>>> print(open('model.csv').read())   # CSV, C-alpha atoms
chain,number,residue,atom,x,y,z
F,1,MET,CA,119.6,51.9,121.5
F,2,THR,CA,117.1,51.2,124.2
F,3,THR,CA,113.6,52.4,123.9
F,4,ILE,CA,111.4,53.6,126.8
F,5,ASN,CA,107.7,53.2,126.9
F,6,THR,CA,105.3,56.0,127.4
F,7,SER,CA,104.3,55.3,131.0
F,8,THR,CA,107.9,55.1,132.2
F,9,PHE,CA,108.7,58.3,130.4
F,10,PHE,CA,105.8,60.2,132.1
F,11,ILE,CA,106.8,58.7,135.5
F,12,TYR,CA,110.4,60.0,135.0
F,13,LEU,CA,109.0,63.3,133.8
F,14,LEU,CA,106.8,63.8,136.9
F,15,ILE,CA,109.7,62.9,139.2
F,16,MET,CA,112.0,65.3,137.5
F,17,ALA,CA,109.3,68.1,137.5
F,18,GLY,CA,108.5,67.4,141.1
F,19,SER,CA,112.1,67.5,142.3
F,20,THR,CA,112.8,70.7,140.3
F,21,TYR,CA,109.7,72.4,141.7
F,22,LEU,CA,110.5,71.2,145.3
F,23,ILE,CA,114.0,72.7,145.0
F,24,ARG,CA,112.7,76.0,143.9
F,25,THR,CA,109.8,76.3,146.3
F,26,LEU,CA,111.3,74.8,149.5
F,27,PRO,CA,113.3,78.0,150.4
F,28,LEU,CA,110.2,80.1,149.9
F,29,VAL,CA,108.1,77.9,152.2
F,30,ALA,CA,110.9,77.3,154.8
F,31,VAL,CA,112.0,80.9,155.3
F,32,LYS,CA,109.1,83.1,156.3
F,33,ARG,CA,111.0,86.2,157.3
F,34,LYS,CA,113.8,88.3,155.9
F,35,ILE,CA,117.3,86.8,156.3
F,36,GLU,CA,119.3,89.2,158.4
F,37,ASN,CA,122.5,87.2,158.9
F,38,ARG,CA,125.2,89.0,156.9
F,39,PHE,CA,127.1,85.8,156.2
F,40,ILE,CA,124.1,83.9,154.8
F,41,ARG,CA,123.0,86.9,152.8
F,42,SER,CA,126.5,87.3,151.3
F,43,PHE,CA,126.7,83.5,150.6
F,44,LEU,CA,123.3,83.6,148.8
F,45,TYR,CA,124.3,86.7,146.9
F,46,TYR,CA,127.4,85.1,145.4
F,47,ILE,CA,126.0,81.6,144.5
F,48,PRO,CA,124.9,82.6,141.0
F,49,TYR,CA,128.4,84.0,140.2
F,50,ALA,CA,130.1,80.9,141.5
F,51,VAL,CA,127.9,78.5,139.6
F,52,LEU,CA,128.3,80.6,136.4
F,53,THR,CA,132.1,80.6,136.8
F,54,ALA,CA,132.2,76.9,137.5
F,55,MET,CA,130.3,76.2,134.3
F,56,THR,CA,132.1,78.7,132.1
F,57,ILE,CA,135.8,78.3,132.9
F,58,PRO,CA,136.0,74.6,131.9
F,59,ALA,CA,134.1,75.4,128.7
F,60,ILE,CA,136.5,78.2,127.8
F,61,LEU,CA,139.6,76.0,128.5
F,62,TYR,CA,138.4,73.1,126.3
F,63,ALA,CA,136.8,75.1,123.5
F,64,THR,CA,139.9,75.6,121.5
F,65,SER,CA,142.4,73.1,120.0
F,66,SER,CA,145.2,74.4,122.3
F,67,LEU,CA,145.2,75.2,126.0
F,68,VAL,CA,147.6,78.1,125.3
F,69,SER,CA,145.1,79.9,123.0
F,70,ALA,CA,142.3,79.3,125.5
F,71,ILE,CA,144.3,80.9,128.3
F,72,VAL,CA,145.2,83.8,126.0
F,73,GLY,CA,141.6,84.3,125.1
F,74,LEU,CA,140.5,84.1,128.7
F,75,ALA,CA,143.2,86.6,129.8
F,76,VAL,CA,142.2,89.0,127.0
F,77,ALA,CA,138.5,88.7,128.0
F,78,VAL,CA,139.3,89.3,131.7
F,79,PHE,CA,141.4,92.3,130.8
F,80,PHE,CA,138.7,93.9,128.6
F,81,ALA,CA,136.0,93.1,131.1
F,82,TYR,CA,138.0,94.6,134.0
F,83,ARG,CA,138.5,97.8,131.9
F,84,GLY,CA,134.7,98.1,131.7
F,85,LYS,CA,134.2,97.3,128.1
F,86,GLY,CA,130.9,95.9,126.8
F,87,LEU,CA,130.0,92.3,126.2
F,88,THR,CA,130.4,92.5,122.5
F,89,THR,CA,133.8,94.2,122.7
F,90,VAL,CA,135.0,91.6,125.2
F,91,ALA,CA,133.7,88.7,123.1
F,92,VAL,CA,135.2,90.0,119.8
F,93,ALA,CA,138.6,90.7,121.5
F,94,ALA,CA,138.7,87.3,123.0
F,95,CYS,CA,137.7,85.5,119.8
F,96,ALA,CA,140.3,87.6,117.8
F,97,SER,CA,143.0,86.8,120.3
F,98,VAL,CA,142.2,83.1,120.1
F,99,PHE,CA,142.2,83.2,116.3
F,100,VAL,CA,145.6,85.0,116.2
F,101,THR,CA,147.1,82.7,118.8
F,102,GLU,CA,145.9,79.6,116.9
F,103,LEU,CA,147.2,81.0,113.7
F,104,PHE,CA,150.6,81.7,115.3
F,105,LEU,CA,150.7,78.2,116.9
F,106,SER,CA,150.0,76.6,113.5
F,107,ILE,CA,152.9,78.5,111.9
F,108,ILE,CA,155.4,77.4,114.6
>>> encode(input="model.csv", output="structure tokens")
Amino acid sequence: MTTINTSTFFIYLLIMAGSTYLIRTLPLVAVKRKIENRFIRSFLYYIPYAVLTAMTIPAILYATSSLVSAIVGLAVAVFFAYRGKGLTTVAVAACASVFVTELFLSII
């Protein structure tokens, strides 16, 4: 295990904080007026959903011991969410379906 001295740590911390701050404030400084282009507005509207999906789907598929149970759980969650059920209902139904699928796969 390598150790890092305090001055190097604070240099890294300042660079990270500066880059994070720059990424968040640059759009506010660069764009002074309201964005009226429909394509750009639509693109910016869907970015959070796309990023959340890109982070969540791989975690769902590799969270169980079997890809089959992960797909079953995902399908059940999508079904209940599409039907307008609440977050707790969707999560409990998905967890229960994964549990039952894992139990079934262990019996076979």
>>> atom_distance(input="model.csv", atom1="CA of Ser66 (chain F)", atom2="CA of Phe79 (chain F)")
20.2 Å
>>> atom_distance(input="model.csv", atom1="CA of Thr64 (chain F)", atom2="CA of Val76 (chain F)")
14.7 Å
>>> atom_distance(input="model.csv", atom1="CA of Gly18 (chain F)", atom2="CA of Ala30 (chain F)")
17.1 Å
>>> residues_around(input="model.csv", residues="Leu61 (chain F)", least_positions_apart="5", cutoff="12 Å", atoms="all atoms listed in the file", output="list in words")
Ala54, Met55, Thr56, Ser66, Leu67, Val68, Ser69, Ala70, Ile71, Val72, Gly73, Leu74, Ala75 and Val98 of chain F
>>> residues_around(input="model.csv", residues="Phe80 (chain F)", least_positions_apart="2", cutoff="12 Å", atoms="all atoms listed in the file", output="ChimeraX atom specification")
/F:73-78,82-94,97
>>> decode(input="model.csv", residues="region 52-68 of chain F", atoms="all heavy atoms", output="compact mmCIF listing (two decimals), in the first residue's frame")
# COMPACT_ATOMS: atom_id res chain seq x y z
N LEU F 52 -28.79 7.88 -15.39
CA LEU F 52 -29.31 6.99 -14.35
C LEU F 52 -29.52 5.57 -14.87
O LEU F 52 -29.18 4.59 -14.21
CB LEU F 52 -30.62 7.55 -13.79
CG LEU F 52 -31.24 6.77 -12.63
CD1 LEU F 52 -30.30 6.78 -11.44
CD2 LEU F 52 -32.57 7.38 -12.26
N THR F 53 -30.03 5.46 -16.07
CA THR F 53 -30.22 4.14 -16.68
C THR F 53 -28.89 3.45 -16.94
O THR F 53 -28.74 2.26 -16.67
CB THR F 53 -31.01 4.28 -18.00
OG1 THR F 53 -32.26 4.90 -17.73
CG2 THR F 53 -31.24 2.93 -18.65
N ALA F 54 -27.92 4.20 -17.44
CA ALA F 54 -26.60 3.61 -17.72
C ALA F 54 -25.91 3.14 -16.45
O ALA F 54 -25.12 2.20 -16.49
CB ALA F 54 -25.72 4.64 -18.44
N MET F 55 -26.21 3.76 -15.32
CA MET F 55 -25.60 3.33 -14.07
C MET F 55 -26.40 2.20 -13.41
O MET F 55 -25.83 1.35 -12.72
CB MET F 55 -25.50 4.50 -13.09
CG MET F 55 -24.52 5.55 -13.53
SD MET F 55 -24.36 7.01 -12.50
CE MET F 55 -25.51 6.86 -11.21
N THR F 56 -27.71 2.17 -13.60
CA THR F 56 -28.56 1.23 -12.88
C THR F 56 -28.63 -0.14 -13.55
O THR F 56 -28.56 -1.16 -12.86
CB THR F 56 -29.98 1.81 -12.74
OG1 THR F 56 -29.88 3.08 -12.12
CG2 THR F 56 -30.86 0.91 -11.93
N ILE F 57 -28.78 -0.20 -14.84
CA ILE F 57 -28.97 -1.48 -15.54
C ILE F 57 -27.81 -2.45 -15.30
O ILE F 57 -28.05 -3.62 -14.96
CB ILE F 57 -29.25 -1.26 -17.04
CG1 ILE F 57 -30.56 -0.50 -17.24
CG2 ILE F 57 -29.27 -2.57 -17.80
CD1 ILE F 57 -31.80 -1.22 -16.76
N PRO F 58 -26.55 -2.04 -15.46
CA PRO F 58 -25.47 -3.00 -15.16
C PRO F 58 -25.48 -3.46 -13.69
O PRO F 58 -25.20 -4.63 -13.42
CB PRO F 58 -24.19 -2.22 -15.47
CG PRO F 58 -24.60 -1.18 -16.43
CD PRO F 58 -26.00 -0.81 -16.04
N ALA F 59 -25.82 -2.56 -12.78
CA ALA F 59 -25.88 -2.95 -11.37
C ALA F 59 -26.98 -3.98 -11.14
O ALA F 59 -26.80 -4.91 -10.35
CB ALA F 59 -26.11 -1.72 -10.49
N ILE F 60 -28.10 -3.83 -11.82
CA ILE F 60 -29.19 -4.80 -11.69
C ILE F 60 -28.77 -6.15 -12.23
O ILE F 60 -28.99 -7.19 -11.60
CB ILE F 60 -30.45 -4.30 -12.42
CG1 ILE F 60 -31.05 -3.10 -11.70
CG2 ILE F 60 -31.48 -5.41 -12.58
CD1 ILE F 60 -32.15 -2.41 -12.46
N LEU F 61 -28.13 -6.16 -13.39
CA LEU F 61 -27.80 -7.43 -14.04
C LEU F 61 -26.71 -8.21 -13.31
O LEU F 61 -26.63 -9.43 -13.45
CB LEU F 61 -27.40 -7.18 -15.50
CG LEU F 61 -28.51 -6.63 -16.39
CD1 LEU F 61 -27.99 -6.39 -17.79
CD2 LEU F 61 -29.71 -7.56 -16.41
N TYR F 62 -25.85 -7.54 -12.55
CA TYR F 62 -24.77 -8.24 -11.87
C TYR F 62 -24.98 -8.33 -10.36
O TYR F 62 -24.08 -8.75 -9.64
CB TYR F 62 -23.43 -7.55 -12.17
CG TYR F 62 -23.06 -7.65 -13.62
CD1 TYR F 62 -23.05 -6.53 -14.43
CD2 TYR F 62 -22.75 -8.88 -14.20
CE1 TYR F 62 -22.72 -6.61 -15.77
CE2 TYR F 62 -22.42 -8.98 -15.54
CZ TYR F 62 -22.40 -7.84 -16.32
OH TYR F 62 -22.08 -7.95 -17.64
N ALA F 63 -26.15 -7.97 -9.86
CA ALA F 63 -26.40 -7.98 -8.42
C ALA F 63 -26.81 -9.36 -7.91
O ALA F 63 -26.76 -9.60 -6.71
CB ALA F 63 -27.48 -6.96 -8.07
N THR F 64 -27.24 -10.23 -8.77
CA THR F 64 -27.69 -11.55 -8.34
C THR F 64 -26.69 -12.61 -8.76
O THR F 64 -25.75 -12.34 -9.50
CB THR F 64 -29.07 -11.89 -8.96
OG1 THR F 64 -28.94 -11.97 -10.37
CG2 THR F 64 -30.10 -10.83 -8.61
N SER F 65 -26.90 -13.82 -8.29
CA SER F 65 -25.97 -14.90 -8.65
C SER F 65 -26.26 -15.48 -10.02
O SER F 65 -25.48 -16.26 -10.53
CB SER F 65 -26.02 -15.99 -7.58
OG SER F 65 -27.31 -16.55 -7.54
N SER F 66 -27.38 -15.11 -10.61
CA SER F 66 -27.76 -15.64 -11.91
C SER F 66 -28.30 -14.52 -12.79
O SER F 66 -29.08 -13.67 -12.34
CB SER F 66 -28.83 -16.73 -11.75
OG SER F 66 -29.38 -17.07 -12.99
N LEU F 67 -27.91 -14.53 -14.04
CA LEU F 67 -28.42 -13.53 -14.98
C LEU F 67 -29.91 -13.72 -15.21
O LEU F 67 -30.65 -12.74 -15.42
CB LEU F 67 -27.65 -13.61 -16.31
CG LEU F 67 -27.99 -12.57 -17.35
CD1 LEU F 67 -27.67 -11.17 -16.85
CD2 LEU F 67 -27.24 -12.84 -18.64
N VAL F 68 -30.38 -14.94 -15.14
CA VAL F 68 -31.80 -15.22 -15.34
C VAL F 68 -32.64 -14.54 -14.26
O VAL F 68 -33.64 -13.88 -14.56
CB VAL F 68 -32.06 -16.75 -15.35
CG1 VAL F 68 -33.54 -17.05 -15.40
CG2 VAL F 68 -31.34 -17.41 -16.51
